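Shown next, in C-alpha cells, is the structure this report addresses.
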Amino acid sequence: MHPFVLFLYLVGCSTLPDTLVDNRYREGYNGIKSSEKVLIVPISMEYRELSEDRERVTQSLKSRFEENGMSVSVLNEEIYWNVWGEVLKEVGGIYSPINGLIDKTKYENALTKFISKTSRSEDFSVVIFPALIIKKAKTSGGSARWDGVKRRVLTKGVLLKGASFSGNVEGLSLQVMVLDSSANWLSTTYGGLVLPYYEKLDNLRVPSKELKQNLFSNDLHINEGVDIALSPLFSPVNFP
C-alpha cells in the first residue's frame, strides 16, 4: 500500500454535520484561494488492480482546479518515487518495528522532508495527495450510495438479473488530502467514483465478485466524484 493512501493523524480537525461524514478539515480552514499554486502528486491506490487509467482521474482533478482559477502542475511519477525513496531512507522508514503500524512522528517528518525536497524544483503553495480507496457502499434495490453518489449495482449471470440488494458492496472513492507548503495538513475529503466489481453468484449460489474492465470510462461519473471531493476546498468552511 502506498504510504499516502490514508492520512491517519488529524490533530485538531473538525467534521461538519452538513457535509459528507468522512470529510475532515483543519480547525479554521478557509479553503484554497484562486491565487494558490497547486501541485498534484501521482494518484496512489490500495489495490494495484485499480490503477488502470488513473490519468483520467488526474486530468479531471487538474481541470477542476484550473476552472477555479488556480495554477496547477502534476508531479512526474518517476520524480515522485525517487524523492519519496530518498525521504524513507533519511527517516529510517515510517513503520514501527514493534507493531508494524505507521509511526506518527516518522510519517510527519517524512511528509515535511518530501515537500521540502520537492519545493526545490516545483513552485507551489498547496500539495494535493489523491488516492483511490475502497469504501462501503450501502445498497437499496438495484443501486448503491456512498460518498455523495448513487450508482447502479453491476451484476453478471442470470441468477442476479434484476436482483434487489440490501446491505453493502464495495465502492471506489477518490480521497483528496491537502497539505500546505510547510507540510501542515489542511483537509481530507472524499467523492464516490464507481462500483469497481460485478456481483456474481455461482451455480451453488455462492457470492463472488469480478473486477470491471475500463473502470474510468464514464467521464460523467468520474467528473461527478471529483467535483464532490473538491467542492469543499474552494470556499471557507462554516464550523459550528
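Going by the C-alpha cells order, chains are called A, B, ..., each with residues numbered from 1, while ligands are numbered from 1 in the order shown.
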
Find the spatial neighbours of Thr189 (chain A), counting only C-alpha atoms, within a cut-off of 7 Å - ignore same-chain residues fewer than 3 positions away - and output them as a PyMOL selection string.
-> chain A and resi 23-24+175-177+229

Mind writing the picked residues with N, CA and C atoms as a PDB file, in the first residue's frame?
```
ATOM      1  N   ASN A  23     -15.513  13.560   5.620  1.00  0.00           N
ATOM      2  CA  ASN A  23     -14.679  14.733   5.334  1.00  0.00           C
ATOM      3  C   ASN A  23     -14.129  15.329   6.619  1.00  0.00           C
ATOM      4  N   ARG A  24     -12.859  15.740   6.569  1.00  0.00           N
ATOM      5  CA  ARG A  24     -12.198  16.322   7.733  1.00  0.00           C
ATOM      6  C   ARG A  24     -11.485  17.610   7.323  1.00  0.00           C
ATOM      7  N   GLN A 175     -10.032   9.920  -2.591  1.00  0.00           N
ATOM      8  CA  GLN A 175      -9.678  10.639  -1.370  1.00  0.00           C
ATOM      9  C   GLN A 175      -8.695  11.742  -1.751  1.00  0.00           C
ATOM     10  N   VAL A 176      -8.963  12.953  -1.291  1.00  0.00           N
ATOM     11  CA  VAL A 176      -8.091  14.092  -1.585  1.00  0.00           C
ATOM     12  C   VAL A 176      -7.575  14.676  -0.274  1.00  0.00           C
ATOM     13  N   MET A 177      -6.280  14.522  -0.029  1.00  0.00           N
ATOM     14  CA  MET A 177      -5.644  15.104   1.149  1.00  0.00           C
ATOM     15  C   MET A 177      -4.862  16.340   0.720  1.00  0.00           C
ATOM     16  N   ALA A 229     -15.528  15.639  -4.248  1.00  0.00           N
ATOM     17  CA  ALA A 229     -14.343  15.660  -3.382  1.00  0.00           C
ATOM     18  C   ALA A 229     -13.716  17.047  -3.299  1.00  0.00           C
TER      19      ALA A 229
END
```

What's the 8 Å shell around region 29-34 of chain A, counting only C-alpha atoms, without same-chain residues fewer than 3 positions away, as a list in words?
->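 The residues that qualify are Tyr25, Arg26, Asn68, Gly69, Met70, Leu186, Ser187, Pro232, Leu233, Phe234, Ser235, Pro236 and Val237 of chain A.
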
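A straight line drawn from CA of Asn223 (chain A) to CA of Ser125 (chain A) is 24.3 Å long.
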
Could you give me, as a VMD selection string, the residues within 10 Å of Glu52 (chain A), counting only C-alpha atoms and dropping anything in the same chain fewer than 4 positions from it?
-> chain A and resid 48 56 213 to 216

Take the residues just selected and output them with N, CA and C atoms as a short mmCIF file (atom, residue, chain, number, x, y, z; two decimals), in the first residue's frame.
```
data_model
loop_
_atom_site.label_atom_id
_atom_site.label_comp_id
_atom_site.auth_asym_id
_atom_site.auth_seq_id
_atom_site.Cartn_x
_atom_site.Cartn_y
_atom_site.Cartn_z
N ARG A 48 -3.45 -2.55 -6.50
CA ARG A 48 -2.82 -2.25 -7.77
C ARG A 48 -3.74 -2.51 -8.96
N ARG A 56 -7.04 9.56 -16.18
CA ARG A 56 -8.34 10.21 -16.40
C ARG A 56 -8.78 10.95 -15.15
N GLN A 213 -13.75 -4.07 -16.18
CA GLN A 213 -12.73 -3.51 -17.06
C GLN A 213 -13.09 -2.06 -17.39
N ASN A 214 -12.10 -1.27 -17.77
CA ASN A 214 -12.32 0.13 -18.14
C ASN A 214 -13.07 0.87 -17.03
N LEU A 215 -12.50 0.84 -15.83
CA LEU A 215 -13.16 1.41 -14.66
C LEU A 215 -13.53 2.87 -14.83
N PHE A 216 -12.68 3.62 -15.51
CA PHE A 216 -12.87 5.07 -15.56
C PHE A 216 -13.33 5.54 -16.94
#
```

Spatial neighbours of region 83-100 of chain A, 10 Å, only C-alpha atoms, chain gap at least 2 places, as a ChimeraX atom specification | /A:3,77-81,102-115,117-118

Generate the output file for the selected residues, N, CA and C atoms, as a short mmCIF file (atom, residue, chain, number, x, y, z; two decimals), in the first residue's frame.
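Just written: result21.cif:
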```cif
data_model
loop_
_atom_site.label_atom_id
_atom_site.label_comp_id
_atom_site.auth_asym_id
_atom_site.auth_seq_id
_atom_site.Cartn_x
_atom_site.Cartn_y
_atom_site.Cartn_z
N PRO A 3 2.19 4.83 0.97
CA PRO A 3 2.12 5.49 2.27
C PRO A 3 1.21 6.70 2.32
N GLU A 77 5.75 11.13 -12.08
CA GLU A 77 5.70 9.96 -11.21
C GLU A 77 7.10 9.44 -10.86
N GLU A 78 8.01 9.45 -11.82
CA GLU A 78 9.37 8.97 -11.54
C GLU A 78 10.05 9.86 -10.50
N ILE A 79 9.89 11.17 -10.67
CA ILE A 79 10.46 12.10 -9.69
C ILE A 79 9.84 11.87 -8.32
N TYR A 80 8.54 11.67 -8.31
CA TYR A 80 7.82 11.43 -7.06
C TYR A 80 8.40 10.26 -6.28
N TRP A 81 8.56 9.12 -6.97
CA TRP A 81 9.06 7.93 -6.27
C TRP A 81 10.52 8.07 -5.88
N ILE A 102 2.02 2.60 11.16
CA ILE A 102 2.72 3.83 10.81
C ILE A 102 3.12 4.59 12.07
N ASP A 103 4.39 4.98 12.12
CA ASP A 103 4.89 5.78 13.23
C ASP A 103 4.57 7.24 12.94
N LYS A 104 3.75 7.87 13.78
CA LYS A 104 3.28 9.22 13.52
C LYS A 104 4.42 10.22 13.34
N THR A 105 5.38 10.18 14.23
CA THR A 105 6.48 11.14 14.18
C THR A 105 7.29 10.98 12.89
N LYS A 106 7.63 9.74 12.55
CA LYS A 106 8.39 9.49 11.33
C LYS A 106 7.59 9.87 10.08
N TYR A 107 6.31 9.58 10.12
CA TYR A 107 5.46 9.88 8.97
C TYR A 107 5.37 11.38 8.72
N GLU A 108 5.14 12.14 9.78
CA GLU A 108 5.05 13.59 9.64
C GLU A 108 6.40 14.18 9.22
N ASN A 109 7.48 13.60 9.74
CA ASN A 109 8.82 14.03 9.35
C ASN A 109 9.06 13.75 7.87
N ALA A 110 8.59 12.59 7.42
CA ALA A 110 8.75 12.22 6.02
C ALA A 110 7.97 13.17 5.11
N LEU A 111 6.76 13.52 5.51
CA LEU A 111 5.96 14.46 4.71
C LEU A 111 6.66 15.81 4.61
N THR A 112 7.20 16.28 5.73
CA THR A 112 7.89 17.56 5.74
C THR A 112 9.10 17.54 4.81
N LYS A 113 9.90 16.46 4.89
CA LYS A 113 11.08 16.34 4.04
C LYS A 113 10.68 16.22 2.56
N PHE A 114 9.62 15.45 2.30
CA PHE A 114 9.17 15.28 0.92
C PHE A 114 8.79 16.62 0.30
N ILE A 115 8.01 17.40 1.02
CA ILE A 115 7.57 18.69 0.49
C ILE A 115 8.74 19.65 0.37
N LYS A 117 11.95 18.86 -0.20
CA LYS A 117 12.76 18.46 -1.35
C LYS A 117 12.06 18.80 -2.67
N THR A 118 10.75 18.56 -2.71
CA THR A 118 10.00 18.82 -3.93
C THR A 118 9.98 20.30 -4.27
#
```

Find the residue from A:Ser60, A:Asn76, A:Ser182, A:Ser173 that sits nearest to Val126 (chain A); use only C-alpha atoms when measuring.
->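 Using only C-alpha atoms, the shortest distance to Val126 (chain A) belongs to A:Ser182.
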
Could you pull the residues within 7 Å of Val41 (chain A), counting only C-alpha atoms, minus those fewer than 6 positions along the same chain, as a list in words?
-> Val74, Leu75, Ile128 and Phe129 of chain A

How would the residues just chosen look if you wrote them out with N, CA and C atoms as a tab-separated table (two decimals), in the first residue's frame?
```tsv
chain	number	residue	atom	x	y	z
A	74	VAL	N	1.34	18.88	-12.27
A	74	VAL	CA	1.27	17.49	-11.84
A	74	VAL	C	2.70	16.97	-11.72
A	75	LEU	N	3.04	16.45	-10.56
A	75	LEU	CA	4.40	15.96	-10.33
A	75	LEU	C	4.65	14.69	-11.13
A	128	ILE	N	-1.58	18.44	-3.31
A	128	ILE	CA	-2.74	17.55	-3.33
A	128	ILE	C	-2.25	16.12	-3.40
A	129	PHE	N	-2.64	15.31	-2.41
A	129	PHE	CA	-2.32	13.89	-2.40
A	129	PHE	C	-3.60	13.10	-2.67
```

Check the smallest atom-to-atom distance from each of A:Ala144, A:Leu154, A:Leu220, A:Ile40 to Lys62 (chain A) using only C-alpha atoms, then report the winner.
->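 That would be A:Ile40, the residue with the smallest distance to Lys62 (chain A).
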
Between A:Leu179, A:Ile228, A:Val169, A:Met45, which one has atoms that come closest to Ala131 (chain A), using only C-alpha atoms?
->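 That would be A:Met45, the residue with the smallest distance to Ala131 (chain A).
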
Select from region 4-237 of chain A everything DSSP, run on the backbone, classes as strand (DSSP E or B), then give the selection as an MDAnalysis selection string.
-> chainID A and resid 13:14 24:26 37:40 44:45 71:74 95 102 126:141 143:146 149:152 155:156 165:180 185:194 197:201 207:211

Using only C-alpha atoms, find the one residue out of A:Glu210, A:Lys156, A:Gly191, A:Asn184 that sits nearest to Leu61 (chain A).
->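 Comparing A:Glu210, A:Lys156, A:Gly191, A:Asn184 against Leu61 (chain A), the winner is A:Gly191.
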
Filtered DSSP result for region 62-185 of chain A, state alpha helix (DSSP H), as a ChimeraX atom specification | /A:62-67,77-91,104-118
